[in-house]
Each structure stands twice: as C-alpha cells, then as structure tokens.
>>> print(open('coords-v1.csv').read())   # CSV, C-alpha atoms
chain,number,residue,atom,x,y,z
A,396,MET,CA,123.7,86.8,82.3
A,397,LYS,CA,121.0,89.4,82.8
A,398,THR,CA,120.8,90.7,86.4
A,399,VAL,CA,118.6,93.2,88.3
A,400,SER,CA,120.4,95.9,90.3
A,401,TRP,CA,119.0,97.4,93.5
A,402,THR,CA,117.7,101.0,93.1
A,403,PRO,CA,116.2,103.4,95.8
A,404,GLU,CA,112.9,103.2,94.0
A,405,MET,CA,112.6,99.6,95.0
A,406,ALA,CA,112.5,100.5,98.7
A,407,LEU,CA,109.3,99.5,100.5
A,408,GLY,CA,109.9,101.7,103.6
A,409,ILE,CA,110.6,98.7,106.0
A,410,LEU,CA,114.3,98.9,106.7
A,411,ALA,CA,114.8,95.1,107.4
A,412,MET,CA,113.0,94.1,104.2
A,413,ASP,CA,114.8,96.7,102.1
A,414,GLU,CA,118.2,95.6,103.4
A,415,SER,CA,117.5,91.9,102.8
A,416,HIS,CA,116.2,92.7,99.3
A,417,LYS,CA,119.2,94.7,98.5
A,418,ALA,CA,121.5,92.0,99.9
A,419,LEU,CA,119.8,89.4,97.7
A,420,LEU,CA,120.2,91.4,94.4
A,421,ASP,CA,123.8,92.3,95.3
A,422,GLY,CA,124.5,88.7,96.1
A,423,LEU,CA,123.0,87.5,92.8
A,424,GLU,CA,125.2,90.0,90.9
A,425,ARG,CA,128.3,88.9,92.7
A,426,LEU,CA,127.5,85.2,92.2
A,427,ALA,CA,126.8,85.7,88.5
A,428,ALA,CA,130.4,87.1,88.2
A,429,THR,CA,131.9,84.4,90.3
A,430,PRO,CA,134.2,82.0,88.4
A,431,ASP,CA,133.1,78.4,88.1
A,432,THR,CA,135.7,77.1,90.5
A,433,LEU,CA,134.1,79.2,93.4
A,434,PHE,CA,130.5,79.1,92.3
A,435,ALA,CA,129.4,76.1,94.3
A,436,ALA,CA,130.3,77.6,97.7
A,437,GLY,CA,128.6,80.9,96.7
A,438,PHE,CA,125.5,79.1,95.6
A,439,THR,CA,125.2,77.2,98.9
A,440,ALA,CA,125.7,80.5,100.9
A,441,LEU,CA,123.1,82.3,98.8
A,442,THR,CA,120.6,79.5,99.4
A,443,ALA,CA,121.2,79.7,103.2
A,444,ALA,CA,120.8,83.5,103.2
A,445,VAL,CA,117.5,83.3,101.2
A,446,GLU,CA,116.2,80.7,103.6
A,447,ARG,CA,117.1,82.8,106.6
A,448,ASP,CA,115.4,85.9,105.1
A,449,PHE,CA,112.3,84.0,104.2
A,450,ALA,CA,112.0,82.7,107.8
A,451,GLU,CA,112.3,86.2,109.3
A,452,GLU,CA,109.6,87.5,106.9
A,453,GLU,CA,107.3,84.6,107.8
A,454,ALA,CA,107.8,85.2,111.5
A,455,ALA,CA,106.9,88.8,111.1
A,456,MET,CA,103.7,87.8,109.2
A,457,GLU,CA,102.7,85.4,111.9
A,458,SER,CA,103.2,88.1,114.6
A,459,ILE,CA,100.7,90.5,113.0
A,460,GLY,CA,98.3,87.8,111.7
A,461,PHE,CA,99.0,88.8,108.1
A,462,PRO,CA,96.1,87.4,106.0
A,463,GLY,CA,98.4,86.6,103.0
A,464,LEU,CA,100.7,84.4,105.0
A,465,ARG,CA,99.7,81.1,103.4
A,466,ALA,CA,100.2,82.4,99.8
A,467,HIS,CA,103.4,84.2,100.7
A,468,ARG,CA,104.8,81.1,102.4
A,469,GLU,CA,103.9,79.0,99.4
A,470,GLN,CA,105.9,81.3,97.1
A,471,HIS,CA,108.9,81.1,99.5
A,472,ALA,CA,108.6,77.3,99.6
A,473,ARG,CA,108.7,77.0,95.8
A,474,VAL,CA,111.8,79.2,95.5
A,475,LEU,CA,113.6,77.3,98.3
A,476,SER,CA,112.6,73.9,96.8
A,477,GLY,CA,114.2,74.9,93.5
A,478,LEU,CA,117.4,76.1,95.2
A,479,HIS,CA,117.7,73.1,97.5
A,480,HIS,CA,117.0,70.8,94.5
A,481,THR,CA,119.7,72.5,92.4
A,482,ASP,CA,122.4,72.8,95.2
A,483,PRO,CA,123.6,69.1,95.1
A,484,PHE,CA,124.0,69.2,91.3
A,485,VAL,CA,126.0,72.4,91.6
A,486,ARG,CA,128.3,70.9,94.3
A,487,GLN,CA,128.8,67.9,92.0
A,488,GLY,CA,130.1,70.2,89.2
A,489,ASP,CA,126.9,71.2,87.3
A,490,VAL,CA,127.6,74.9,87.5
A,491,ALA,CA,125.4,75.6,84.4
A,492,GLN,CA,122.3,74.4,86.2
A,493,GLY,CA,123.1,76.8,89.1
A,494,ARG,CA,123.6,79.7,86.8
A,495,ARG,CA,120.3,79.0,85.2
A,496,ALA,CA,118.6,79.1,88.6
A,497,ILE,CA,120.1,82.4,89.6
A,498,GLU,CA,119.2,83.9,86.3
A,499,LEU,CA,115.5,83.2,87.0
A,500,LEU,CA,115.6,84.5,90.6
A,501,PRO,CA,115.6,88.3,89.7
A,502,GLN,CA,112.5,87.8,87.5
A,503,TRP,CA,110.7,86.2,90.4
A,504,PHE,CA,112.0,88.8,92.8
A,505,VAL,CA,110.6,91.7,90.7
A,506,MET,CA,107.1,90.2,90.6
A,507,HIS,CA,107.2,89.1,94.3
A,508,GLN,CA,108.5,92.4,95.6
A,509,SER,CA,106.0,94.5,93.7
A,510,SER,CA,103.0,92.4,94.8
A,511,MET,CA,103.3,90.2,97.9
A,512,ASP,CA,106.1,92.1,99.6
A,513,LEU,CA,104.4,95.4,98.9
A,514,ALA,CA,101.2,94.2,100.6
A,515,LEU,CA,103.3,92.9,103.6
A,516,ALA,CA,105.2,96.2,103.9
A,517,ALA,CA,101.9,98.1,104.1
A,518,ALA,CA,100.6,95.7,106.7
A,519,LEU,CA,103.7,96.0,108.8
A,520,ASP,CA,103.5,99.8,108.5
A,521,LEU,CA,100.0,99.6,109.8
A,522,ALA,CA,101.0,97.4,112.6
A,523,THR,CA,103.5,100.0,113.9
A,524,GLN,CA,100.5,102.2,114.8
A,525,SER,CA,99.8,99.8,117.7
A,526,ALA,CA,103.2,98.3,118.4
A,527,PRO,CA,106.9,99.2,117.8
A,528,LEU,CA,108.1,97.7,114.5
A,529,SER,CA,111.1,96.2,116.3
A,530,GLU,CA,108.6,93.9,118.1
A,531,VAL,CA,107.2,92.7,114.7
A,532,LEU,CA,110.4,92.5,112.6
A,533,PRO,CA,113.7,92.3,114.4
A,534,GLY,CA,116.2,94.9,113.4
A,535,ALA,CA,113.6,97.0,111.6
A,536,ALA,CA,113.0,100.7,112.0
A,537,ALA,CA,109.8,102.6,111.7
A,538,PRO,CA,109.3,103.6,108.0
A,539,ASP,CA,109.2,107.2,106.8
A,540,ALA,CA,106.6,106.5,104.1
A,541,PRO,CA,102.9,106.8,105.1
A,542,VAL,CA,100.4,104.0,104.5
A,543,HIS,CA,98.9,104.3,100.9
A,544,GLN,CA,96.0,106.6,100.8
A,545,HIS,CA,94.7,106.6,97.2
A,546,ILE,CA,94.7,103.3,95.2
A,547,LEU,CA,94.0,103.1,91.5
A,548,VAL,CA,92.2,99.8,90.6
A,549,PRO,CA,92.0,99.2,86.9
A,550,SER,CA,89.6,96.5,85.6
A,551,ASP,CA,88.8,95.1,82.2
A,552,GLY,CA,85.8,93.2,83.6
A,553,SER,CA,87.5,89.8,83.4
A,554,PRO,CA,87.1,87.2,86.2
A,555,ALA,CA,90.7,87.8,87.2
A,556,SER,CA,90.2,91.5,87.4
A,557,GLU,CA,87.0,91.1,89.4
A,558,THR,CA,88.8,88.9,92.0
A,559,ALA,CA,91.7,91.4,92.1
A,560,ILE,CA,89.3,94.3,92.6
A,561,ARG,CA,87.6,92.7,95.6
A,562,THR,CA,90.9,91.8,97.2
A,563,ALA,CA,92.3,95.3,96.6
A,564,LEU,CA,89.2,96.9,98.1
A,565,ARG,CA,89.5,94.8,101.2
A,566,PHE,CA,93.1,95.9,101.4
A,567,ALA,CA,92.0,99.5,101.0
A,568,LYS,CA,89.5,99.0,103.8
A,569,GLN,CA,92.2,97.6,106.1
A,570,ILE,CA,94.5,100.5,105.6
A,571,GLY,CA,91.9,103.3,105.4
A,572,ALA,CA,92.6,104.2,101.8
A,573,ARG,CA,90.2,105.5,99.1
A,574,VAL,CA,90.1,104.0,95.6
A,575,THR,CA,89.5,105.1,92.0
A,576,GLY,CA,88.2,102.4,89.6
A,577,LEU,CA,89.5,102.7,86.1
A,578,HIS,CA,88.3,101.1,82.8
A,579,VAL,CA,90.2,101.6,79.6
A,580,VAL,CA,88.2,101.5,76.4
A,581,PRO,CA,90.0,100.8,73.1
A,582,GLU,CA,89.8,103.3,70.3
A,583,PHE,CA,87.6,102.5,67.4
A,584,ARG,CA,89.4,100.9,64.5
A,585,LEU,CA,87.8,99.7,61.2
A,586,PHE,CA,89.0,99.7,57.6
A,587,THR,CA,86.2,99.9,55.0
A,588,TYR,CA,85.4,101.6,51.8
A,589,GLN,CA,81.7,102.1,52.8
A,590,SER,CA,81.3,105.3,54.8
A,591,GLU,CA,77.8,104.4,55.9
A,592,MET,CA,79.0,101.1,57.3
A,593,LEU,CA,81.8,103.0,59.1
A,594,GLU,CA,79.5,105.4,60.8
A,595,ASP,CA,77.0,102.8,61.8
A,596,THR,CA,79.7,100.5,63.2
A,597,ARG,CA,81.4,103.4,65.0
A,598,GLU,CA,78.2,104.4,66.7
A,599,GLN,CA,77.5,100.8,67.7
A,600,PHE,CA,81.0,100.3,69.0
A,601,ALA,CA,80.7,103.5,71.1
A,602,LYS,CA,77.4,102.3,72.6
A,603,ASP,CA,78.7,98.8,73.3
A,604,SER,CA,82.0,100.1,74.8
A,605,HIS,CA,80.1,102.6,77.0
A,606,ARG,CA,77.7,100.0,78.2
A,607,HIS,CA,80.5,97.6,79.1
A,608,ALA,CA,82.5,100.3,80.9
A,609,GLN,CA,79.5,101.3,82.9
A,610,GLN,CA,79.0,97.7,84.0
A,611,VAL,CA,82.6,97.3,85.0
A,612,LEU,CA,82.7,100.5,86.9
A,613,ALA,CA,79.3,99.9,88.5
A,614,SER,CA,80.7,96.6,89.8
A,615,ILE,CA,83.6,98.3,91.4
A,616,GLU,CA,81.4,101.0,93.0
A,617,SER,CA,79.0,98.3,94.3
A,618,THR,CA,81.8,96.3,96.0
A,619,ALA,CA,83.3,99.5,97.4
A,620,LYS,CA,80.0,100.5,98.9
A,621,GLU,CA,79.5,97.1,100.3
A,622,LEU,CA,82.9,97.3,102.1
A,623,GLY,CA,82.5,100.9,103.1
A,624,VAL,CA,85.5,102.1,101.0
A,625,PRO,CA,85.3,105.7,99.4
A,626,CYS,CA,85.3,105.2,95.6
A,627,ASP,CA,85.4,107.2,92.4
A,628,THR,CA,85.4,105.8,88.9
A,629,VAL,CA,86.9,107.0,85.6
A,630,GLN,CA,86.7,105.8,82.0
A,631,VAL,CA,89.6,106.5,79.6
A,632,VAL,CA,89.9,105.8,75.8
A,633,SER,CA,93.2,104.4,74.7
A,634,ASP,CA,94.7,101.7,72.6
A,635,HIS,CA,97.5,101.3,75.1
A,636,PRO,CA,96.0,100.3,78.5
A,637,TYR,CA,99.3,100.3,80.3
A,638,GLU,CA,99.9,104.0,79.4
A,639,ALA,CA,96.4,105.0,80.4
A,640,ILE,CA,96.8,103.2,83.7
A,641,ALA,CA,100.1,104.8,84.5
A,642,ASP,CA,99.0,108.3,83.3
A,643,THR,CA,95.7,108.2,85.2
A,644,ALA,CA,97.5,107.2,88.4
A,645,ARG,CA,99.9,110.1,88.0
A,646,GLU,CA,97.2,112.6,87.1
A,647,LEU,CA,95.0,111.6,90.0
A,648,ARG,CA,98.0,111.5,92.4
A,649,CYS,CA,97.4,107.9,93.4
A,650,ASP,CA,100.2,106.4,95.5
A,651,LEU,CA,99.5,102.7,94.5
A,652,ILE,CA,98.1,100.8,91.6
A,653,ALA,CA,96.5,97.4,92.4
A,654,MET,CA,95.6,95.1,89.5
A,655,ALA,CA,95.3,91.5,88.3
A,656,SER,CA,98.3,89.7,87.0
A,657,HIS,CA,96.3,88.7,83.9
A,658,GLY,CA,93.2,90.1,82.2
A,659,ARG,CA,91.1,89.1,79.2
A,660,CYS,CA,94.0,88.2,77.0
A,661,GLY,CA,95.3,85.5,79.4
A,662,ILE,CA,98.9,84.6,79.9
A,663,LYS,CA,101.0,86.4,77.3
A,664,GLY,CA,104.2,86.7,79.3
A,665,LEU,CA,106.3,84.2,81.2
A,666,LEU,CA,105.3,85.5,84.6
A,667,LEU,CA,102.7,88.2,84.1
A,668,GLY,CA,100.1,89.3,81.5
A,669,SER,CA,101.6,91.6,78.9
A,670,GLU,CA,99.7,94.8,80.1
A,671,THR,CA,100.6,94.1,83.7
A,672,GLN,CA,104.3,93.7,82.7
A,673,LYS,CA,104.2,97.0,80.9
A,674,VAL,CA,102.6,98.8,83.8
A,675,LEU,CA,105.4,97.5,86.1
A,676,MET,CA,108.0,98.7,83.6
A,677,HIS,CA,106.5,102.2,82.9
A,678,SER,CA,104.8,103.2,86.1
A,679,THR,CA,106.7,105.5,88.6
A,680,ILE,CA,104.1,104.5,91.2
A,681,PRO,CA,104.2,101.2,93.2
A,682,VAL,CA,102.2,98.4,91.6
A,683,LEU,CA,100.5,95.7,93.7
A,684,VAL,CA,99.8,92.6,91.5
A,685,TYR,CA,97.2,90.0,92.5
A,686,ARG,CA,97.4,86.5,91.1
>>> encode(input="coords-v1.csv", output="structure tokens")
Amino acid sequence: MKTVSWTPEMALGILAMDESHKALLDGLERLAATPDTLFAAGFTALTAAVERDFAEEEAAMESIGFPGLRAHREQHARVLSGLHHTDPFVRQGDVAQGRRAIELLPQWFVMHQSSMDLALAAALDLATQSAPLSEVLPGAAAPDAPVHQHILVPSDGSPASETAIRTALRFAKQIGARVTGLHVVPEFRLFTYQSEMLEDTREQFAKDSHRHAQQVLASIESTAKELGVPCDTVQVVSDHPYEAIADTARELRCDLIAMASHGRCGIKGLLLGSETQKVLMHSTIPVLVYR
C-alpha cells in the first residue's frame, strides 16, 4: 500500500496544525501495517482522531472569520462522510474496504494541505498580529515563518486560471504581499518540407503567442491595480510549463505559488490537472491550489 510520510518541508508554521498533520500521516502508516485482526479498532480510532482535528480547525476558522470556512468545512465533511460510511463495514469484517479508504486519504491530504490548509495557516499567522495564537487555536504557538511576501501567479488565460488569479490577488491584498503574473508560451513546433511555409508559420505563431500572452498578463495587471496589489508580469517560453513555473518562482525569490487546479487541458489527473500535479511534485516553494 502506497503511503505518504511526514517531512519537515510539509510544515506550515502553525504548531497545532503541523502536529495534527504529522499525527495523521503517522497514524495512516501504522494502520496500513496493522494486521487484519486489529485493523477495525485502528480504523475507528483514526476516524475519531480525524473528526476531532477537523473540529478544532473549524473552530479556529470561525474565531478569525476565515473567508474559506464554508469550502474548507465541505472538504472535511466529505472525508468524514466516507470514513463514517466505511467504518461499519470494517467492523463487520470488510477490512479490504477500509484499506482502500486509507490508501486514498494521503492523496487527499497532499492536495488539501498544499491548498486550503496553506491558506488557513497564512490567515492564522496574520491573526496573531492582533491576538495571541493560543486564543485562536488551542495549543498552538506563534509561527517562526513570516507571512508570504511575494506570490507567483501563473495563468494560461483559461476561465479556471482567471478565477484563481482573482482569488489569489485578494489573498495577496489581505496579507500585504506583492505578486508576479506569469504566462508560459509553448515553443514553436512544426514539421514541414517547405521552408517558406515554416518561416511564415513561425512568424504567425510568434505574433499570436505574444498577443495572447499580453492579454493574459494585462488581465492580471488590471485586476491587481483594481485591488491595489503591487504587481509585475513576466512571459517565459517553454514546452514544460511546470518547469517554467518552478524555475521562475525560484529565480524571482517568490515564497508562494498560487495557481488553478486545472487549466485549458481540463482534468487530466485523478485529483488535479497534470501541470498542477507536476508543479506540486517539483517545486521547492509552497503551492496554493485553487479549485
């Protein structure tokens, strides 16, 4: 069974959240290795622990008036619904169904932690500027990491990207960050024996790509200006958008990448679009994913 192990790079800087996340992944690893005869008790205990952790997170969100509370709570409810639905079958001896459930949980956690929980951690961090974090999240300590200051916002011009950009810019406004808008242009590819056609097509491709890039970046600049968020833009040519995104973030010293879960290519992966999945896998910088 494939599992996900906790690493220090997963830390969000909010002690209580980081401890519960580590406990969840550690618990899933232990449960995966538990013999069938003891699995039912472990599954019930895991479900109870997840429900308790979710309740504490939601209480913290309510205390700071977190704008993403409803969507966050819906994600929690779907996970708990699946666990509560599976638990009776496991206790009646259907261990295989329980093992399938815990195999899916790490996939959900990676997506949820790098998107919704990352946004919540930033909001909790911001809340500590006006109130002790222990009043917001019981058992928590003030984080060492500062609020994000420079956010990279890639866009391919799709409706999903446009929605993610506006949400990311509002988030940047809330935490006082600046943004850099990025559009990745694919490299020119054409196989033909007619050199004149090749040059004509290359020139037209360059013009069309530049025009589209200018439109996408102008939209980001316009929204940023409307919201009062400092904004730069950059255009990069690459056949591998995920590499261009990760490299640009590193080169510009961004401390967060905020992007849509899916772009023009639609749903290519089980949970996320293929380029977004690749960014999550290759980036050494936190990635905030908007669905």
>>> closest_residue(input="coords-v1.csv", among="A:Glu469, A:Glu457, A:Glu638, A:Glu616", to="Val674 of chain A", atoms="only C-alpha atoms")
A:Glu638
>>> residues_near_point(input="coords-v1.csv", point="(105.5, 78.6, 92.6)", cutoff="12 Å", atoms="only C-alpha atoms", output="PyMOL selection string")
chain A and resi 466-477+500+503+506-507+666+686
>>> residues_around(input="coords-v1.csv", residues="Gly460 of chain A", least_positions_apart="3", cutoff="12 Å", atoms="all atoms listed in the file", output="mmCIF file with C-alpha atoms, in the frame of the given file")
data_model
loop_
_atom_site.group_PDB
_atom_site.id
_atom_site.type_symbol
_atom_site.label_atom_id
_atom_site.label_comp_id
_atom_site.auth_asym_id
_atom_site.auth_seq_id
_atom_site.Cartn_x
_atom_site.Cartn_y
_atom_site.Cartn_z
ATOM 1 C CA GLU A 453 107.300 84.600 107.800
ATOM 2 C CA ALA A 454 107.800 85.200 111.500
ATOM 3 C CA ALA A 455 106.900 88.800 111.100
ATOM 4 C CA MET A 456 103.700 87.800 109.200
ATOM 5 C CA GLU A 457 102.700 85.400 111.900
ATOM 6 C CA GLY A 463 98.400 86.600 103.000
ATOM 7 C CA LEU A 464 100.700 84.400 105.000
ATOM 8 C CA ARG A 465 99.700 81.100 103.400
ATOM 9 C CA LEU A 515 103.300 92.900 103.600
ATOM 10 C CA ALA A 518 100.600 95.700 106.700
ATOM 11 C CA LEU A 519 103.700 96.000 108.800
ATOM 12 C CA ALA A 522 101.000 97.400 112.600
ATOM 13 C CA VAL A 531 107.200 92.700 114.700
#
>>> closest_residue(input="coords-v1.csv", among="A:Met412, A:Ala428, A:Val579, A:Leu612", to="Tyr637 of chain A", atoms="only C-alpha atoms")
A:Val579
>>> residues_around(input="coords-v1.csv", residues="Lys620 of chain A", least_positions_apart="3", cutoff="12 Å", atoms="only C-alpha atoms", output="tab-separated table (two decimals) with C-alpha atoms, keeping the file's coordinate frame")
chain	number	residue	atom	x	y	z
A	561	ARG	CA	87.60	92.70	95.60
A	564	LEU	CA	89.20	96.90	98.10
A	565	ARG	CA	89.50	94.80	101.20
A	568	LYS	CA	89.50	99.00	103.80
A	573	ARG	CA	90.20	105.50	99.10
A	574	VAL	CA	90.10	104.00	95.60
A	613	ALA	CA	79.30	99.90	88.50
A	614	SER	CA	80.70	96.60	89.80
A	615	ILE	CA	83.60	98.30	91.40
A	616	GLU	CA	81.40	101.00	93.00
A	617	SER	CA	79.00	98.30	94.30
A	623	GLY	CA	82.50	100.90	103.10
A	624	VAL	CA	85.50	102.10	101.00
A	625	PRO	CA	85.30	105.70	99.40
A	626	CYS	CA	85.30	105.20	95.60
A	627	ASP	CA	85.40	107.20	92.40
>>> atom_distance(input="coords-v1.csv", atom1="atom CA of Arg645 of chain A", atom2="atom CA of Ile680 of chain A")
7.7 Å
>>> atom_distance(input="coords-v1.csv", atom1="atom CA of Thr402 of chain A", atom2="atom CA of Ser510 of chain A")
17.1 Å
>>> build_atoms(input="coords-v1.csv", residues="segment 410-426 of chain A", atoms="N, CA, C and O atoms", output="short mmCIF file (atom, residue, chain, number, x, y, z; two decimals), in the frame of the given file")
data_model
loop_
_atom_site.label_atom_id
_atom_site.label_comp_id
_atom_site.auth_asym_id
_atom_site.auth_seq_id
_atom_site.Cartn_x
_atom_site.Cartn_y
_atom_site.Cartn_z
N LEU A 410 112.83 98.93 106.79
CA LEU A 410 114.30 98.90 106.70
C LEU A 410 114.80 97.42 106.58
O LEU A 410 115.63 97.12 105.72
N ALA A 411 114.31 96.52 107.44
CA ALA A 411 114.80 95.10 107.40
C ALA A 411 114.52 94.47 106.09
O ALA A 411 115.36 93.73 105.55
N MET A 412 113.32 94.69 105.54
CA MET A 412 113.00 94.10 104.20
C MET A 412 113.82 94.70 103.13
O MET A 412 114.34 93.98 102.27
N ASP A 413 113.98 96.02 103.16
CA ASP A 413 114.80 96.70 102.10
C ASP A 413 116.22 96.22 102.14
O ASP A 413 116.83 95.99 101.09
N GLU A 414 116.76 96.04 103.33
CA GLU A 414 118.20 95.60 103.40
C GLU A 414 118.32 94.18 102.93
O GLU A 414 119.30 93.86 102.25
N SER A 415 117.36 93.29 103.25
CA SER A 415 117.50 91.90 102.80
C SER A 415 117.28 91.82 101.27
O SER A 415 117.93 91.02 100.59
N HIS A 416 116.39 92.66 100.73
CA HIS A 416 116.20 92.70 99.30
C HIS A 416 117.43 93.16 98.55
O HIS A 416 117.83 92.59 97.53
N LYS A 417 118.03 94.22 99.07
CA LYS A 417 119.20 94.70 98.50
C LYS A 417 120.37 93.70 98.54
O LYS A 417 121.11 93.49 97.57
N ALA A 418 120.47 93.04 99.69
CA ALA A 418 121.50 92.00 99.90
C ALA A 418 121.31 90.88 98.87
O ALA A 418 122.28 90.32 98.33
N LEU A 419 120.05 90.50 98.63
CA LEU A 419 119.80 89.40 97.70
C LEU A 419 120.22 89.79 96.27
O LEU A 419 120.92 89.02 95.61
N LEU A 420 119.82 90.98 95.81
CA LEU A 420 120.20 91.40 94.40
C LEU A 420 121.69 91.58 94.31
O LEU A 420 122.28 91.20 93.29
N ASP A 421 122.31 92.17 95.34
CA ASP A 421 123.80 92.30 95.30
C ASP A 421 124.46 90.97 95.28
O ASP A 421 125.44 90.76 94.55
N GLY A 422 123.94 90.02 96.08
CA GLY A 422 124.50 88.70 96.10
C GLY A 422 124.38 87.95 94.79
O GLY A 422 125.29 87.24 94.36
N LEU A 423 123.23 88.14 94.12
CA LEU A 423 123.00 87.50 92.80
C LEU A 423 123.99 88.07 91.77
O LEU A 423 124.52 87.32 90.94
N GLU A 424 124.21 89.39 91.83
CA GLU A 424 125.20 90.00 90.90
C GLU A 424 126.58 89.47 91.13
O GLU A 424 127.31 89.17 90.18
N ARG A 425 126.96 89.37 92.40
CA ARG A 425 128.30 88.90 92.70
C ARG A 425 128.45 87.40 92.27
O ARG A 425 129.47 87.01 91.70
N LEU A 426 127.41 86.60 92.52
CA LEU A 426 127.50 85.20 92.20
C LEU A 426 127.52 84.98 90.66
O LEU A 426 128.21 84.08 90.17
#
